[in-house]
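Working notes for the structure below.
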Number of protein chains: 2
Amino acid sequence: MSTIPVKIGIAGLGNVGEEVARQILNGFRIKNEIYPLELIGVSYKSRSKKRNLDLSGIKFYEDAVSIAKDKEIDLVIELIGGETGIAKELCETTLRNHKGLITANKALVANSGHVLADMAEKNNVFFAFEASVAGGIPILKIVRESLAANKINRMAGILNGTANYILSEMENTKGDFNIILKDAQDKGFAEQDPSFDIDGIDAAHKISILSAIAFGKLPSLDSMEIKGIRNIRSNDMDYCEELGFKIRLLGVASETKNKQLNCSVQPWLVPNNNTLASVVGPMNAIEINSNLTGPVLITGAGAGSGPTASAVLSDVIDFAAGRKSLSFSRSAANIIISKKTTSFEKPTRYYIRLSVVDQSGVLAELTAIFRDNNISIESFIQKGISDDKSAQLVILTHSTDHEKIKSASLSINELKIVLAEPICLPIYE
Amino acid sequence: MSTIPVKIGIAGLGNVGEEVARQILNGFRIKNEIYPLELIGVSYKSRSKKRNLDLSGIKFYEDAVSIAKDKEIDLVIELIGGETGIAKELCETTLRNHKGLITANKALVANSGHVLADMAEKNNVFFAFEASVAGGIPILKIVRESLAANKINRMAGILNGTANYILSEMENTKGDFNIILKDAQDKGFAEQDPSFDIDGIDAAHKISILSAIAFGKLPSLDSMEIKGIRNIRSNDMDYCEELGFKIRLLGVASETKNKQLNCSVQPWLVPNNNTLASVVGPMNAIEINSNLTGPVLITGAGAGSGPTASAVLSDVIDFAAGRKSLSFSRSAANIIISKKTTSFEKPTRYYIRLSVVDQSGVLAELTAIFRDNNISIESFIQKGISDDKSAQLVILTHSTDHEKIKSASLSINELKIVLAEPICLPIYE
């Protein structure tokens with residue numbers, strides 16, 4: 001419609017940045033049909049890297065922040081990453097200079113998104129970050145615009161592809177966590193330092209961004225219960241297969257009736273007949289349950305250069321089309337930073353696996369703890385004795401409060417008969 | 001942001017219209033937070049209907065078209081239905097009078113959407129129809145905006161909840177089609193005249209709207225192969241269970257390399273490990289395969305007052321926020337009305353079930369037809385002889401062209417040994 005091209009600068013030319021630049025240079029569906037875009041300049045560190053991209057005629061900025069100071073630029077795309085440092089400085093300078101800002105930086109948005117949104121609002125400029133959550137799944141726009149009329153009841157997502165890949169491989173091969181992690185690292189599916197992915201930090205950034213958009217509450221990471229998948233063992237996979245579940249690392253967020261935020265990341269047992277259980281490999285998926293629409297589930301690639309570039313470019317086209325949203329569905333001034341969250345909106349059933357000494361009296365000691373915490377047991381499976389003379393116990397509880405389970409876990413952990421910290425996973429229903 | 005309310009008129013107060021009116025009157029998530037909306041007037045036929053809705057102070061229009069002529073109204077929501085008549089006249093008058101238009105009317109959009117979009121563009125007014133396809137699944141915005149950078153390779157959707165409900169029930173109960181249809185009608189899940197749903201017309205409207213948005217090609221219904229589910233028998237369910245498939249009525253659209261549109265509605269065999277197979281009951285689902293993002297699958301309620309109202313209200317909020325899109329992703333003048341479509345972009349395997357006379361020579365006659373049409377057979381199952389002395393043959397072919405299968409079907413149908421028209425379903429892979 002407009003024939004004046006949008007003038008774009010990209011900071012960071014990793015795989016995603018290269019794909020975004022390539023698409024802008026070579027054309028894509030909607031651009032070819034309607035919106036002229038022009039790549040004015042780029043900034044990147046690795047000048048020696050061989051790129052399958054013709055950057056002749058494109059400005060190069062030694063200092064990324066100078067993109068935000070270039071009078072010629074209308075729109076800055078930040079693909080450097082990192083919650084502080086140069087990425088943050090670039091974003092702030094961009095908004096301060098009244099330019100549109102698009103970022104894929106989940107750590108930055110989870111930590112400072114409300115501050116950036118406030119700057120964007122005050123300066124009346126565009127700020128969007130679709131690529132920061134779940135890659136090619138357009139979940140932010142869905143929650144912000146498509147489900148805008150709905151009260152969101154609960155969101156639950158497989159938000160980290162690396163963790164899901166490892167869990168799926170453990171299911172398929174019955175292999176040991178450490179061996180599969182190593183294999184994933186060798187294949188490039190997991191980082192050399194995998195902590196962000198497998199300890200739930202990355203998923204926590206994403207569910208906190210979703211919470212802010214759906215509920216207006218941005219939980220700080222230290223306010224959330226965040227558990228990863230390091231203590232899942234191959235025998236958990238065996239027991240889950242027997243019991244009809246898959247283990248999935250879920251980010252879950254909901255709001256209680258009195259507007260308290262529940263937000264957590266942890267492994268859950270998902271029943272086989274729930275679609276989240278059928279999401280395997282590095283895919284992401286999010287189930288949104290809302291008052292008018294009911295459950296909507298969306299599955300797709302959560303990372304990778306193509307899917308992430310697709311998300312960045314959807315923001316670019318919104319900018320070019322003059323479509324604006326409040327980045328978090330409401331004025332940034334109304335976003336509440338949650339300093340305390342709880343993990344669940346309602347009681348759930350639990351799966352507990354214990355490694356205990358094989359001696360008489362063990363069951364009596366354990367069952368007394370459950371009784372004392374008012375936890376009622378649905379089923380109890382004792383598995384054969386292993387080489388080290390330990391016995392494996394698997395307990396499924398009836399629905400119970402998270403606090404009761406926490407208290408029981410502490411007591412169990414103090415028992416001399418218990419050989420390792422108990423695994424205790426909620427059941428998603 | 002704006003404090004001047006958007007003034008809205010609704011034509012048609014069935015279940016969806018009532019829900020939309022109720023939400024506007026009582027408030028909903030984004031409206032409460034940002035956008036003031038005001039319901040000015042309504043038009044409906046059934047004045048005697050008891051409504052759980054306080055319409056005092058709201059204008060009533062005897063003639064729906066007069067909403068579009070009311071100077072006070074900014075935005076008209078058309079929920080009357082029907083591809084011609086009053087609904088069409090209302091929509092045209094609305095756009096001619098420079099008011100925003102939202103409709104849930106898939107028959108109207110599939111037939112005249114390009115004409116309405118052209119009027120909207122020329123008069124520079126808002127025109128949106130999210131609710132016309134897949135109810136609570138925000139698929140139109142996803143294809144139009146979120147995947148805007150992507151070249152769409154293929155879309156395949158379970159787009160009719162009634163048909164999917166009947167197929168799921170046949171799977172579960174192994175019951176006869178006619179009995180399950182009757183039961184669905186008694187329960188209100190199917191219309192008294194179920195033809196639109198079970199013969200694929202409704203799904204065809206929806207896939208043609210999706211084709212126009214994704215490919216710029218709006219196929220007329222008579223240009224498409226449209227087959228429903230009437231000839232699926234309970235023994236097809238048995239064989240599919242044995243072979244590892246579910247039968248799903250899919251609308252499928254894609255574009256060939258030379259820009260020919262493939263668009264059809266028909267029952268497919270979907271392998272059990274494909275997520276579309278796990279979509280049961282009245283749910284809808286759409287899988288979009290595109291170049292950057294890869295496959296994205298979205299599942300949700302495709303009908304019902306809440307989901308449909310949610311879609312209508314998302315359009316209302318886009319209007320209130322001043323967010324505009326070209327309704328079909330491109331200028332209406334560039335939409336091509338496809339007078340001829342093909343059914344498939346590439347060869348597929350086929351499932352063929354035949355009811356034949358149990359006599360010698362039958363297999364020789366049949367296999368000769370396959371040989372003469374260059375169709376190679378993957379597996380061949382002969383089932384026991386039933387009371388009427390007929391034998392059931394189930395054939396799975398290797399990948400083959402649709403034209404070859406059509407030709408073979410015609411020849412098979414002419415054989416004296418064949419007792420009923422053969423069932424012939426493509427396999428989705």
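Residues are named by chain letter and number: chains run A, B, ... in the order of the structure tokens, numbers start at 1 in each chain, and ligands are numbered from 1 in the order shown.
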At a cut-off of 6 Å, can you tabulate as a Markdown table every residue of chain A near chain B together with its closest atom pair and the distance in Å to one decimal, using only C-alpha atoms and ordering rows by chain then number?
| residue | atom | partner | partner_atom | distance |
| --- | --- | --- | --- | --- |
| A:Phe28 | CA | B:Ala149 | CA | 5.3 |
| A:Arg29 | CA | B:Ala149 | CA | 5.3 |
| A:Ile30 | CA | B:Ala148 | CA | 5.5 |
| A:Gly136 | CA | B:Thr293 | CA | 5.2 |
| A:Pro138 | CA | B:Ser146 | CA | 6.0 |
| A:Ser146 | CA | B:Ser314 | CA | 5.2 |
| A:Ala148 | CA | B:Ile30 | CA | 5.5 |
| A:Ala149 | CA | B:Arg29 | CA | 5.3 |
| A:Asn150 | CA | B:Arg29 | CA | 5.9 |
| A:Lys151 | CA | B:Arg29 | CA | 5.7 |
| A:Leu292 | CA | B:Gly306 | CA | 4.3 |
| A:Thr293 | CA | B:Pro307 | CA | 4.0 |
| A:Val296 | CA | B:Gly300 | CA | 4.5 |
| A:Leu297 | CA | B:Thr299 | CA | 5.1 |
| A:Ile298 | CA | B:Ile298 | CA | 4.3 |
| A:Thr299 | CA | B:Leu297 | CA | 5.1 |
| A:Gly300 | CA | B:Val296 | CA | 4.5 |
| A:Gly306 | CA | B:Leu292 | CA | 4.3 |
| A:Pro307 | CA | B:Thr293 | CA | 4.0 |
| A:Ser310 | CA | B:Leu292 | CA | 6.0 |
| A:Ser314 | CA | B:Ser146 | CA | 5.2 |
| A:Arg323 | CA | B:Arg323 | CA | 4.8 |
Please list as a list in words every residue within 7 Å of stretch 81-86 of chain B, counting only C-alpha atoms and excluding residues in the same chain fewer than 2 positions away.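 What passes the distance filter is Leu79, Lys88, Glu89, Leu90, Asn105, Ala107, Leu108 and Asn111 of chain B.
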Any chance you could list, as a PyMOL selection string, the residues in stretch 199-368 of chain B that come up alpha helix (DSSP H) when DSSP is run on the backbone? chain B and resi 201-215+234-243+305-320+362-368
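Residue-level DSSP output for stretch 14-196 of chain A, from the backbone, shows strand (DSSP E) at Leu37, Glu38, Leu39, Ile40, Gly41, Val42, Ser43, Lys59, Phe60, Leu75, Val76, Ile77, Glu78, Gly100, Leu101, Ile102, Thr103, Phe127, Ala128, Ile152, Asn153, Arg154, Met155, Ala156, Gly157 and Ile158 of chain A.
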Identify, on the basis of only C-alpha atoms, every residue whose closest approach to stretch 198-207 of chain B does not exceed 7 Å; exclude the query and any residue fewer than 5 positions from it along the same chain; express the result as a PDB file with C-alpha atoms, in the first residue's frame.
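Heads up, here's the output in around_19.pdb:
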ATOM      1  CA  LYS B 106     -18.583 -18.673   5.174  1.00  0.00           C
ATOM      2  CA  ALA B 107     -20.969 -19.284   2.260  1.00  0.00           C
ATOM      3  CA  ALA B 110     -16.542 -18.151  -0.258  1.00  0.00           C
ATOM      4  CA  VAL B 133     -13.441 -20.652   9.163  1.00  0.00           C
ATOM      5  CA  LEU B 159     -12.951 -28.201   8.994  1.00  0.00           C
ATOM      6  CA  ASN B 160     -16.336 -29.678   9.817  1.00  0.00           C
ATOM      7  CA  ALA B 163     -18.528 -34.862  10.055  1.00  0.00           C
ATOM      8  CA  LEU B 221     -17.272 -24.805  -5.447  1.00  0.00           C
ATOM      9  CA  ILE B 226     -16.005 -32.429  -3.086  1.00  0.00           C
ATOM     10  CA  LYS B 227     -16.821 -35.779  -1.526  1.00  0.00           C
ATOM     11  CA  GLY B 228     -18.512 -36.356   1.801  1.00  0.00           C
ATOM     12  CA  ILE B 229     -18.681 -39.256   4.209  1.00  0.00           C
ATOM     13  CA  ARG B 230     -22.028 -40.866   3.322  1.00  0.00           C
ATOM     14  CA  GLY B 251     -10.075 -29.971   3.095  1.00  0.00           C
ATOM     15  CA  VAL B 252      -6.704 -29.852   1.372  1.00  0.00           C
ATOM     16  CA  ALA B 253      -5.219 -27.009  -0.645  1.00  0.00           C
ATOM     17  CA  VAL B 265     -12.637 -31.972   0.193  1.00  0.00           C
TER      18      VAL B 265
END
